[in-house]
$ cat run36.cif   # mmCIF, C-alpha atoms and all ligand atoms
data_coords
loop_
_atom_site.label_atom_id
_atom_site.label_comp_id
_atom_site.auth_asym_id
_atom_site.auth_seq_id
_atom_site.Cartn_x
_atom_site.Cartn_y
_atom_site.Cartn_z
CA MET R 1 0.00 0.00 0.00
CA ARG R 2 1.23 3.48 -0.83
CA LYS R 3 2.42 5.18 2.34
CA LYS R 4 4.08 8.32 3.58
CA ILE R 5 7.54 7.13 4.61
CA VAL R 6 10.64 8.70 6.08
CA ALA R 7 13.52 6.23 6.20
CA GLY R 8 16.88 6.86 7.81
CA ASN R 9 19.93 5.15 6.37
CA TRP R 10 22.59 5.43 9.03
CA LYS R 11 25.21 3.90 6.72
CA MET R 12 28.43 3.05 8.61
CA ASN R 13 27.82 5.50 11.42
CA LYS R 14 27.18 5.21 15.16
CA THR R 15 28.79 2.90 17.68
CA PHE R 16 26.44 0.41 19.27
CA ALA R 17 25.73 2.66 22.26
CA GLU R 18 25.24 5.73 20.06
CA GLY R 19 22.90 3.88 17.73
CA VAL R 20 20.78 2.50 20.54
CA GLU R 21 20.51 6.02 21.96
CA LEU R 22 19.57 7.55 18.58
CA ALA R 23 16.85 4.96 18.08
CA ARG R 24 15.54 5.63 21.59
CA GLU R 25 15.38 9.35 20.85
CA VAL R 26 13.53 8.82 17.57
CA ASN R 27 11.12 6.46 19.32
CA ASP R 28 10.46 9.08 22.00
CA TYR R 29 9.92 11.86 19.46
CA VAL R 30 7.38 9.77 17.60
CA ARG R 31 5.74 8.67 20.82
CA TYR R 32 5.52 11.91 22.76
CA LYS R 33 5.70 14.79 20.28
CA GLU R 34 3.05 15.87 17.85
CA GLY R 35 3.56 15.89 14.12
CA ALA R 36 4.53 12.37 13.03
CA GLU R 37 0.98 11.14 12.47
CA GLY R 38 0.45 8.99 9.41
CA VAL R 39 4.15 8.58 8.64
CA LEU R 40 5.91 5.21 8.56
CA VAL R 41 9.40 5.77 9.98
CA VAL R 42 12.21 3.40 9.05
CA LEU R 43 15.51 3.12 10.90
CA GLY R 44 18.17 1.59 8.68
CA THR R 45 20.83 0.59 11.18
CA PRO R 46 24.08 -1.34 10.92
CA PHE R 47 23.62 -5.10 11.39
CA ILE R 48 25.00 -5.17 14.91
CA HIS R 49 22.41 -2.67 16.16
CA LEU R 50 19.38 -4.42 14.72
CA ALA R 51 18.38 -6.79 17.53
CA LYS R 52 18.68 -4.25 20.31
CA VAL R 53 16.99 -1.45 18.36
CA ALA R 54 14.17 -3.73 17.22
CA HIS R 55 13.69 -4.88 20.80
CA ASN R 56 13.61 -1.32 22.18
CA ILE R 57 11.23 0.28 19.67
CA THR R 58 7.74 0.60 21.11
CA GLU R 59 6.03 2.55 18.32
CA PRO R 60 4.19 0.49 15.70
CA SER R 61 4.84 3.23 13.13
CA ILE R 62 8.61 2.61 13.33
CA MET R 63 10.10 -0.22 11.29
CA VAL R 64 13.69 -1.37 11.76
CA SER R 65 15.74 -2.17 8.67
CA SER R 66 19.15 -3.51 7.72
CA GLN R 67 21.15 -1.89 4.93
CA ASN R 68 22.04 -5.10 3.12
CA CYS R 69 21.64 -8.88 3.21
CA ALA R 70 23.42 -11.86 1.70
CA THR R 71 22.58 -13.59 -1.57
CA GLU R 72 22.25 -16.95 0.22
CA LYS R 73 20.26 -18.20 3.19
CA SER R 74 23.12 -19.76 5.20
CA GLY R 75 26.43 -21.55 4.83
CA ALA R 76 30.12 -20.94 4.43
CA TYR R 77 30.02 -17.24 3.52
CA THR R 78 32.41 -15.62 5.98
CA GLY R 79 31.34 -12.16 7.05
CA GLU R 80 27.91 -12.26 5.43
CA VAL R 81 24.54 -11.78 7.14
CA SER R 82 21.48 -13.42 5.64
CA ALA R 83 17.98 -12.02 5.28
CA GLU R 84 16.79 -14.80 7.56
CA MET R 85 19.18 -13.61 10.26
CA VAL R 86 18.03 -10.03 9.79
CA ALA R 87 14.40 -11.10 10.17
CA SER R 88 15.26 -13.14 13.26
CA THR R 89 16.32 -9.93 15.06
CA GLY R 90 12.84 -8.47 14.75
CA ALA R 91 13.82 -6.16 11.86
CA LYS R 92 11.15 -5.99 9.17
CA CYS R 93 12.94 -4.42 6.23
CA VAL R 94 16.14 -4.34 4.19
CA ILE R 95 17.64 -1.59 2.03
CA LEU R 96 18.99 -3.11 -1.20
CA GLY R 97 20.79 -1.73 -4.23
CA HIS R 98 22.12 1.42 -2.62
CA SER R 99 24.54 3.16 -4.97
CA GLU R 100 27.33 2.82 -2.41
CA ARG R 101 26.88 -0.96 -2.47
CA ARG R 102 26.60 -0.99 -6.25
CA SER R 103 29.78 1.03 -6.74
CA TYR R 104 32.03 0.01 -3.81
CA TYR R 105 31.00 -3.63 -3.47
CA GLY R 106 30.20 -4.55 -7.05
CA GLU R 107 26.52 -5.24 -6.53
CA THR R 108 25.21 -5.87 -10.00
CA SER R 109 21.58 -6.50 -10.89
CA PRO R 110 21.99 -10.33 -10.88
CA VAL R 111 23.38 -10.08 -7.33
CA LEU R 112 20.46 -7.87 -6.34
CA VAL R 113 17.93 -10.28 -7.82
CA LYS R 114 19.26 -12.95 -5.43
CA LYS R 115 19.18 -10.59 -2.45
CA VAL R 116 15.63 -9.51 -3.24
CA ALA R 117 14.58 -13.17 -3.40
CA GLN R 118 16.19 -13.87 -0.03
CA ALA R 119 14.51 -10.84 1.52
CA LEU R 120 11.09 -11.87 0.24
CA ASP R 121 11.66 -15.42 1.42
CA SER R 122 12.27 -14.05 4.92
CA LYS R 123 9.20 -11.80 4.75
CA LEU R 124 11.18 -8.57 4.80
CA GLU R 125 9.96 -5.39 3.14
CA ILE R 126 12.49 -4.05 0.64
CA ILE R 127 13.63 -0.51 0.00
CA PHE R 128 15.17 -0.87 -3.46
CA CYS R 129 17.43 2.00 -4.55
CA VAL R 130 17.92 3.24 -8.08
CA GLY R 131 19.56 6.34 -9.48
CA GLU R 132 21.91 7.69 -12.12
CA VAL R 133 25.39 9.14 -11.83
CA LEU R 134 26.13 12.70 -12.93
CA GLU R 135 27.58 11.77 -16.33
CA GLU R 136 24.44 9.79 -17.13
CA ARG R 137 22.22 12.74 -16.26
CA GLU R 138 24.37 15.14 -18.23
CA ALA R 139 24.16 12.78 -21.19
CA GLY R 140 20.37 12.73 -20.88
CA LYS R 141 20.39 9.01 -20.04
CA HIS R 142 18.93 9.18 -16.53
CA PHE R 143 15.49 7.80 -17.44
CA GLU R 144 16.99 4.94 -19.40
CA VAL R 145 19.42 4.06 -16.59
CA VAL R 146 16.78 4.08 -13.88
CA LYS R 147 14.37 2.04 -15.99
CA GLN R 148 17.07 -0.57 -16.64
CA GLN R 149 17.84 -0.83 -12.91
CA LEU R 150 14.16 -1.47 -12.22
CA VAL R 151 13.75 -3.96 -15.04
CA ASP R 152 16.93 -5.89 -14.20
CA GLY R 153 16.60 -5.82 -10.41
CA LEU R 154 12.89 -6.13 -9.74
CA PHE R 155 10.72 -6.97 -12.71
CA ASN R 156 11.14 -10.72 -12.34
CA LEU R 157 8.82 -10.42 -9.30
CA THR R 158 5.17 -11.35 -9.30
CA PRO R 159 2.74 -8.49 -8.47
CA GLU R 160 2.24 -10.08 -5.02
CA GLN R 161 5.98 -9.99 -4.39
CA PHE R 162 6.33 -6.51 -5.84
CA ALA R 163 3.82 -5.27 -3.25
CA HIS R 164 6.63 -5.64 -0.68
CA VAL R 165 8.92 -3.26 -2.53
CA ILE R 166 9.40 0.43 -1.78
CA ILE R 167 11.43 2.20 -4.44
CA ALA R 168 13.99 4.86 -3.51
CA TYR R 169 15.18 7.21 -6.24
CA GLU R 170 18.61 8.44 -5.24
CA PRO R 171 20.49 10.40 -7.90
CA VAL R 172 24.09 9.50 -7.09
CA TRP R 173 25.24 13.07 -7.68
CA ALA R 174 22.97 14.24 -4.85
CA ILE R 175 24.10 11.73 -2.21
CA GLY R 176 26.15 13.32 0.54
CA THR R 177 27.03 16.25 -1.70
CA GLY R 178 24.63 18.87 -0.37
CA LYS R 179 23.38 19.15 -3.94
CA THR R 180 19.81 17.98 -3.91
CA ALA R 181 17.67 17.31 -6.96
CA THR R 182 15.22 20.16 -7.50
CA PRO R 183 11.64 19.36 -6.53
CA ASP R 184 10.83 19.35 -10.27
CA GLN R 185 13.62 16.90 -11.07
CA ALA R 186 12.44 14.63 -8.26
CA GLN R 187 8.80 14.78 -9.36
CA GLU R 188 9.69 14.17 -13.00
CA MET R 189 11.71 11.03 -12.18
CA HIS R 190 9.19 9.74 -9.64
CA ALA R 191 6.36 10.10 -12.15
CA PHE R 192 8.51 8.29 -14.70
CA ILE R 193 9.24 5.45 -12.25
CA ARG R 194 5.54 5.12 -11.51
CA SER R 195 4.79 4.95 -15.23
CA VAL R 196 7.40 2.22 -15.71
CA VAL R 197 5.86 0.24 -12.84
CA ALA R 198 2.41 0.78 -14.40
CA GLU R 199 3.63 -0.55 -17.77
CA LYS R 200 4.84 -3.72 -16.10
CA TYR R 201 2.30 -4.32 -13.31
CA GLY R 202 -0.66 -2.09 -14.14
CA GLN R 203 -1.85 1.24 -12.82
CA THR R 204 -3.31 -0.08 -9.56
CA VAL R 205 0.00 -1.59 -8.48
CA ALA R 206 1.82 1.57 -9.58
CA ASP R 207 -0.55 3.74 -7.58
CA ASP R 208 0.06 1.53 -4.55
CA THR R 209 3.86 1.75 -4.80
CA SER R 210 5.70 4.08 -2.44
CA ILE R 211 8.54 5.98 -4.10
CA LEU R 212 11.06 7.78 -1.88
CA TYR R 213 13.55 10.48 -2.77
CA GLY R 214 17.08 10.34 -1.39
CA GLY R 215 20.08 12.62 -1.76
CA SER R 216 20.91 15.55 0.54
CA CYS R 217 17.34 15.70 1.79
CA ASN R 218 17.17 17.65 5.04
CA ALA R 219 14.85 19.68 7.26
CA GLY R 220 15.35 22.74 5.04
CA ASN R 221 14.33 21.20 1.70
CA ALA R 222 12.03 18.36 2.78
CA ASP R 223 8.82 20.40 2.49
CA ALA R 224 9.51 21.36 -1.12
CA ILE R 225 10.44 17.80 -2.09
CA PHE R 226 7.54 16.13 -0.28
CA SER R 227 4.94 18.50 -1.73
CA ASN R 228 5.21 16.68 -5.09
CA PRO R 229 2.41 14.24 -5.89
CA ASP R 230 4.68 11.31 -6.81
CA VAL R 231 7.13 11.73 -3.93
CA ASP R 232 5.92 9.53 -1.10
CA GLY R 233 8.77 10.20 1.27
CA GLY R 234 12.51 10.25 1.73
CA LEU R 235 15.51 8.04 2.27
CA ILE R 236 17.72 10.15 4.47
CA GLY R 237 21.44 9.71 5.10
CA GLY R 238 23.30 12.44 6.98
CA ALA R 239 20.19 14.16 8.33
CA SER R 240 18.97 10.92 9.95
CA LEU R 241 21.90 10.84 12.35
CA LYS R 242 20.46 13.45 14.73
CA ALA R 243 17.04 12.67 16.13
CA ALA R 244 15.88 16.30 16.19
CA ASP R 245 16.82 16.86 12.51
CA PHE R 246 15.26 13.56 11.49
CA PHE R 247 12.06 14.39 13.32
CA GLU R 248 11.79 17.71 11.44
CA ILE R 249 11.85 15.71 8.18
CA ILE R 250 9.20 13.33 9.54
CA LYS R 251 7.03 16.32 10.41
CA ALA R 252 7.53 17.78 6.93
CA ARG R 253 6.32 14.47 5.46
CA ALA R 254 3.29 14.44 7.74
CA ARG R 255 2.33 18.00 6.68
CA HIS R 256 1.91 17.23 2.98
O1 LIG R 301 22.28 7.84 0.36
C1 LIG R 301 21.41 8.42 0.99
C2 LIG R 301 20.40 7.66 1.74
O2 LIG R 301 20.43 6.33 1.42
C3 LIG R 301 21.35 9.89 1.05
O3 LIG R 301 22.41 10.33 1.81
P1 LIG R 301 22.47 11.88 2.23
O4 LIG R 301 21.10 12.22 2.78
O5 LIG R 301 23.56 11.95 3.27
O6 LIG R 301 22.77 12.64 0.98
#

$ encode --input "run36.cif" --output "structure tokens" --more "lines below"
Ligand SMILES: O=C(CO)COP(=O)(O)O
Amino acid sequence: MRKKIVAGNWKMNKTFAEGVELAREVNDYVRYKEGAEGVLVVLGTPFIHLAKVAHNITEPSIMVSSQNCATEKSGAYTGEVSAEMVASTGAKCVILGHSERRSYYGETSPVLVKKVAQALDSKLEIIFCVGEVLEEREAGKHFEVVKQQLVDGLFNLTPEQFAHVIIAYEPVWAIGTGKTATPDQAQEMHAFIRSVVAEKYGQTVADDTSILYGGSCNAGNADAIFSNPDVDGGLIGGASLKAADFFEIIKARARH
């Protein structure tokens, strides 16, 4: 179902104690302060924080997520963490296909297809990231690139499986750079993504799909980005690392 979502991707930040404290603060904001009504909040923590954070969260509107999972269920894969293990912590979601994983760890679409299958097998929701690099945008290839990432990574799914996917559009040139896409650029790409989903799965499924924007989204620009009809929320990196900043973004999502 299409939802208003604000997801934090902590990336490789926060010691265990710091992460547990940040999650507690976010939980308290959502619980005791006004303004987060109707927003699904996701906390994308490092693996080692998952069990404790999932255990501590009291608010049903907060979902705990990992930032990756393995391509296999179990076995001799030193250093890997499976979707089944993630689910066993109480986490309900996994972020897959982030551009940092695609570029630094060689995650190609065939790898992502396996990870998506594992996540679905373990009943995890999936935040699936797509987005073009600067050269691709400058060459006018951004629509083509994003469509190919969707087709190659997700479109082997049945409509029932696809219902567990949230799409995050993250233009790589906007991630961690302070250079956000303009609200018009975000809307244009989100509408395009929805049309590509509609072509494959039909308009009803497309209308039910949540599409998040990510890339230098913060309390100052969230209102403008979230006011677009095809932007259902945000995937937030740097600005998710302080509870007060993150809560401002949650409130901005709730307002629109
Ligand atoms: O990559 C992102 C979220 O997944 C965005 O990161 P920033 O919000 O730090 O630009």

$ closest_atom_pairs --input "run36.cif" --of "chain R" --to "ligand LIG 301 (chain R)" --cutoff "7 Å" --atoms "all atoms listed in the file" --output "CSV"
residue,atom,partner,partner_atom,distance
R:Asn9,CA,R:LIG301,O2,5.1
R:His98,CA,R:LIG301,O2,6.6
R:Glu170,CA,R:LIG301,O1,6.7
R:Ala174,CA,R:LIG301,O6,6.0
R:Ile175,CA,R:LIG301,O6,3.6
R:Gly176,CA,R:LIG301,O6,3.5
R:Thr177,CA,R:LIG301,O6,6.2
R:Gly178,CA,R:LIG301,O6,6.6
R:Gly214,CA,R:LIG301,C3,4.9
R:Gly215,CA,R:LIG301,O6,3.8
R:Ser216,CA,R:LIG301,O6,3.5
R:Cys217,CA,R:LIG301,O4,5.2
R:Leu235,CA,R:LIG301,C2,4.9
R:Ile236,CA,R:LIG301,O4,4.3
R:Gly237,CA,R:LIG301,O4,3.4
R:Gly238,CA,R:LIG301,O5,3.8
R:Ala239,CA,R:LIG301,O4,5.9

$ closest_residue --input "run36.cif" --among "R:Val196, R:Val111, R:Ala252, R:Ile62" --to "Arg24 in chain R" --atoms "all atoms listed in the file"
R:Ile62

$ residues_near_point --input "run36.cif" --point "(5.9, 1.3, 3.2)" --cutoff "9 Å" --atoms "all atoms listed in the file" --output "JSON, numbers by chain"
{"R": [1, 2, 3, 4, 5, 40, 41, 42, 125, 126, 127, 164, 165, 166, 209, 210]}

$ atom_distance --input "run36.cif" --atom1 "CA of Val64 in chain R" --atom2 "CA of Leu43 in chain R"
4.9 Å

$ atom_distance --input "run36.cif" --atom1 "CA of Thr45 in chain R" --atom2 "CA of Leu241 in chain R"
10.4 Å

$ closest_residue --input "run36.cif" --among "R:Val145, R:Met12, R:Ile57, R:Leu150" --to "Leu112 in chain R" --atoms "all atoms listed in the file"
R:Leu150

$ atom_distance --input "run36.cif" --atom1 "CA of Ser122 in chain R" --atom2 "CA of Ala91 in chain R"
10.6 Å

$ residues_around --input "run36.cif" --residues "Lys92 in chain R" --least-positions-apart "6" --cutoff "9 Å" --atoms "only C-alpha atoms" --output "JSON, numbers by chain"
{"R": [54, 63, 64, 65, 66, 86, 123, 124, 125, 126]}

$ write_last_selection --input "run36.cif" --atoms "C-alpha atoms" --output "PDB file, in the coordinates of the input"
ATOM      1  CA  ALA R  54      14.170  -3.730  17.220  1.00  0.00           C
ATOM      2  CA  MET R  63      10.100  -0.220  11.290  1.00  0.00           C
ATOM      3  CA  VAL R  64      13.690  -1.370  11.760  1.00  0.00           C
ATOM      4  CA  SER R  65      15.740  -2.170   8.670  1.00  0.00           C
ATOM      5  CA  SER R  66      19.150  -3.510   7.720  1.00  0.00           C
ATOM      6  CA  VAL R  86      18.030 -10.030   9.790  1.00  0.00           C
ATOM      7  CA  LYS R 123       9.200 -11.800   4.750  1.00  0.00           C
ATOM      8  CA  LEU R 124      11.180  -8.570   4.800  1.00  0.00           C
ATOM      9  CA  GLU R 125       9.960  -5.390   3.140  1.00  0.00           C
ATOM     10  CA  ILE R 126      12.490  -4.050   0.640  1.00  0.00           C
TER      11      ILE R 126
END

$ residues_around --input "run36.cif" --residues "Ser227 in chain R" --least-positions-apart "3" --cutoff "10 Å" --atoms "only C-alpha atoms" --output "list of chain:residue names"
R:Pro183, R:Gln187, R:Ala222, R:Asp223, R:Ala224, R:Asp230, R:Val231, R:Asp232, R:Gly233, R:Ala252, R:Arg253, R:Arg255, R:His256

$ closest_residue --input "run36.cif" --among "R:Val94, R:Lys147, R:Asn221, R:Phe226" --to "Arg194 in chain R" --atoms "all atoms listed in the file"
R:Lys147

$ residues_near_point --input "run36.cif" --point "(18.5, 8.7, 21.9)" --cutoff "12 Å" --atoms "all atoms listed in the file" --output "count of residues only"
24

$ closest_residue --input "run36.cif" --among "R:Gln67, R:Thr180, R:Gln185, R:Ser61" --to "Val81 in chain R" --atoms "all atoms listed in the file"
R:Gln67

$ closest_residue --input "run36.cif" --among "R:Ala168, R:Pro229, R:Lys200, R:Gln161" --to "Tyr213 in chain R" --atoms "only C-alpha atoms"
R:Ala168

$ closest_residue --input "run36.cif" --among "R:Phe128, R:Phe155, R:Phe247, R:Phe47" --to "Asn13 in chain R" --atoms "only C-alpha atoms"
R:Phe47

$ residues_around --input "run36.cif" --residues "range 68-80 of chain R" --least-positions-apart "6" --cutoff "7 Å" --atoms "only C-alpha atoms" --output "PyMOL selection string"
chain R and resi 94-96+111+114-115+118

$ build_atoms --input "run36.cif" --residues "range 80-113 of chain R" --atoms "N, CA and C atoms" --output "mmCIF file, keeping the file's coordinate frame"
data_model
loop_
_atom_site.group_PDB
_atom_site.id
_atom_site.type_symbol
_atom_site.label_atom_id
_atom_site.label_comp_id
_atom_site.auth_asym_id
_atom_site.auth_seq_id
_atom_site.Cartn_x
_atom_site.Cartn_y
_atom_site.Cartn_z
ATOM 1 N N GLU R 80 29.223 -12.640 5.978
ATOM 2 C CA GLU R 80 27.910 -12.260 5.430
ATOM 3 C C GLU R 80 26.804 -12.406 6.475
ATOM 4 N N VAL R 81 25.712 -11.719 6.258
ATOM 5 C CA VAL R 81 24.540 -11.780 7.140
ATOM 6 C C VAL R 81 23.312 -12.000 6.253
ATOM 7 N N SER R 82 22.590 -13.070 6.529
ATOM 8 C CA SER R 82 21.480 -13.420 5.640
ATOM 9 C C SER R 82 20.202 -12.660 5.985
ATOM 10 N N ALA R 83 19.285 -12.641 5.045
ATOM 11 C CA ALA R 83 17.980 -12.020 5.280
ATOM 12 C C ALA R 83 17.255 -12.729 6.423
ATOM 13 N N GLU R 84 17.437 -14.042 6.478
ATOM 14 C CA GLU R 84 16.790 -14.800 7.560
ATOM 15 C C GLU R 84 17.313 -14.353 8.924
ATOM 16 N N MET R 85 18.598 -14.101 9.005
ATOM 17 C CA MET R 85 19.180 -13.610 10.260
ATOM 18 C C MET R 85 18.651 -12.213 10.595
ATOM 19 N N VAL R 86 18.568 -11.378 9.567
ATOM 20 C CA VAL R 86 18.030 -10.030 9.790
ATOM 21 C C VAL R 86 16.609 -10.129 10.351
ATOM 22 N N ALA R 87 15.792 -10.956 9.724
ATOM 23 C CA ALA R 87 14.400 -11.100 10.170
ATOM 24 C C ALA R 87 14.331 -11.661 11.594
ATOM 25 N N SER R 88 15.288 -12.511 11.934
ATOM 26 C CA SER R 88 15.260 -13.140 13.260
ATOM 27 C C SER R 88 15.558 -12.141 14.376
ATOM 28 N N THR R 89 16.073 -10.960 14.039
ATOM 29 C CA THR R 89 16.320 -9.930 15.060
ATOM 30 C C THR R 89 15.064 -9.145 15.401
ATOM 31 N N GLY R 90 14.035 -9.289 14.578
ATOM 32 C CA GLY R 90 12.840 -8.470 14.750
ATOM 33 C C GLY R 90 12.785 -7.330 13.735
ATOM 34 N N ALA R 91 13.850 -7.165 12.945
ATOM 35 C CA ALA R 91 13.820 -6.160 11.860
ATOM 36 C C ALA R 91 12.825 -6.624 10.805
ATOM 37 N N LYS R 92 12.224 -5.663 10.119
ATOM 38 C CA LYS R 92 11.150 -5.990 9.170
ATOM 39 C C LYS R 92 11.480 -5.598 7.736
ATOM 40 N N CYS R 93 12.678 -5.060 7.522
ATOM 41 C CA CYS R 93 12.940 -4.420 6.230
ATOM 42 C C CYS R 93 14.425 -4.527 5.894
ATOM 43 N N VAL R 94 14.739 -4.408 4.627
ATOM 44 C CA VAL R 94 16.140 -4.340 4.190
ATOM 45 C C VAL R 94 16.265 -3.313 3.062
ATOM 46 N N ILE R 95 17.318 -2.518 3.121
ATOM 47 C CA ILE R 95 17.640 -1.590 2.030
ATOM 48 C C ILE R 95 18.547 -2.347 1.054
ATOM 49 N N LEU R 96 18.175 -2.395 -0.201
ATOM 50 C CA LEU R 96 18.990 -3.110 -1.200
ATOM 51 C C LEU R 96 19.296 -2.205 -2.392
ATOM 52 N N GLY R 97 20.455 -2.439 -2.988
ATOM 53 C CA GLY R 97 20.790 -1.730 -4.230
ATOM 54 C C GLY R 97 21.237 -0.299 -4.035
ATOM 55 N N HIS R 98 21.631 0.051 -2.821
ATOM 56 C CA HIS R 98 22.120 1.420 -2.620
ATOM 57 C C HIS R 98 23.324 1.661 -3.529
ATOM 58 N N SER R 99 23.463 2.877 -4.010
ATOM 59 C CA SER R 99 24.540 3.160 -4.970
ATOM 60 C C SER R 99 25.919 2.904 -4.353
ATOM 61 N N GLU R 100 26.033 3.084 -3.036
ATOM 62 C CA GLU R 100 27.330 2.820 -2.410
ATOM 63 C C GLU R 100 27.655 1.322 -2.483
ATOM 64 N N ARG R 101 26.661 0.486 -2.354
ATOM 65 C CA ARG R 101 26.880 -0.960 -2.470
ATOM 66 C C ARG R 101 27.100 -1.345 -3.938
ATOM 67 N N ARG R 102 26.390 -0.677 -4.817
ATOM 68 C CA ARG R 102 26.600 -0.990 -6.250
ATOM 69 C C ARG R 102 28.024 -0.610 -6.646
ATOM 70 N N SER R 103 28.484 0.574 -6.218
ATOM 71 C CA SER R 103 29.780 1.030 -6.740
ATOM 72 C C SER R 103 30.961 0.517 -5.919
ATOM 73 N N TYR R 104 30.852 0.438 -4.595
ATOM 74 C CA TYR R 104 32.030 0.010 -3.810
ATOM 75 C C TYR R 104 32.114 -1.509 -3.667
ATOM 76 N N TYR R 105 30.987 -2.182 -3.735
ATOM 77 C CA TYR R 105 31.000 -3.630 -3.470
ATOM 78 C C TYR R 105 30.522 -4.457 -4.658
ATOM 79 N N GLY R 106 30.469 -3.815 -5.808
ATOM 80 C CA GLY R 106 30.200 -4.550 -7.050
ATOM 81 C C GLY R 106 28.838 -5.212 -7.098
ATOM 82 N N GLU R 107 27.850 -4.627 -6.495
ATOM 83 C CA GLU R 107 26.520 -5.240 -6.530
ATOM 84 C C GLU R 107 25.849 -4.962 -7.872
ATOM 85 N N THR R 108 25.828 -5.965 -8.681
ATOM 86 C CA THR R 108 25.210 -5.870 -10.000
ATOM 87 C C THR R 108 23.744 -6.307 -9.877
ATOM 88 N N SER R 109 22.997 -6.101 -10.932
ATOM 89 C CA SER R 109 21.580 -6.500 -10.890
ATOM 90 C C SER R 109 21.389 -7.995 -10.613
ATOM 91 N N PRO R 110 22.183 -8.904 -11.223
ATOM 92 C CA PRO R 110 21.990 -10.330 -10.880
ATOM 93 C C PRO R 110 22.219 -10.624 -9.390
ATOM 94 N N VAL R 111 23.157 -9.924 -8.780
ATOM 95 C CA VAL R 111 23.380 -10.080 -7.330
ATOM 96 C C VAL R 111 22.140 -9.585 -6.580
ATOM 97 N N LEU R 112 21.621 -8.454 -7.028
ATOM 98 C CA LEU R 112 20.460 -7.870 -6.340
ATOM 99 C C LEU R 112 19.209 -8.735 -6.482
ATOM 100 N N VAL R 113 19.076 -9.373 -7.627
ATOM 101 C CA VAL R 113 17.930 -10.280 -7.820
ATOM 102 C C VAL R 113 17.951 -11.376 -6.742
#
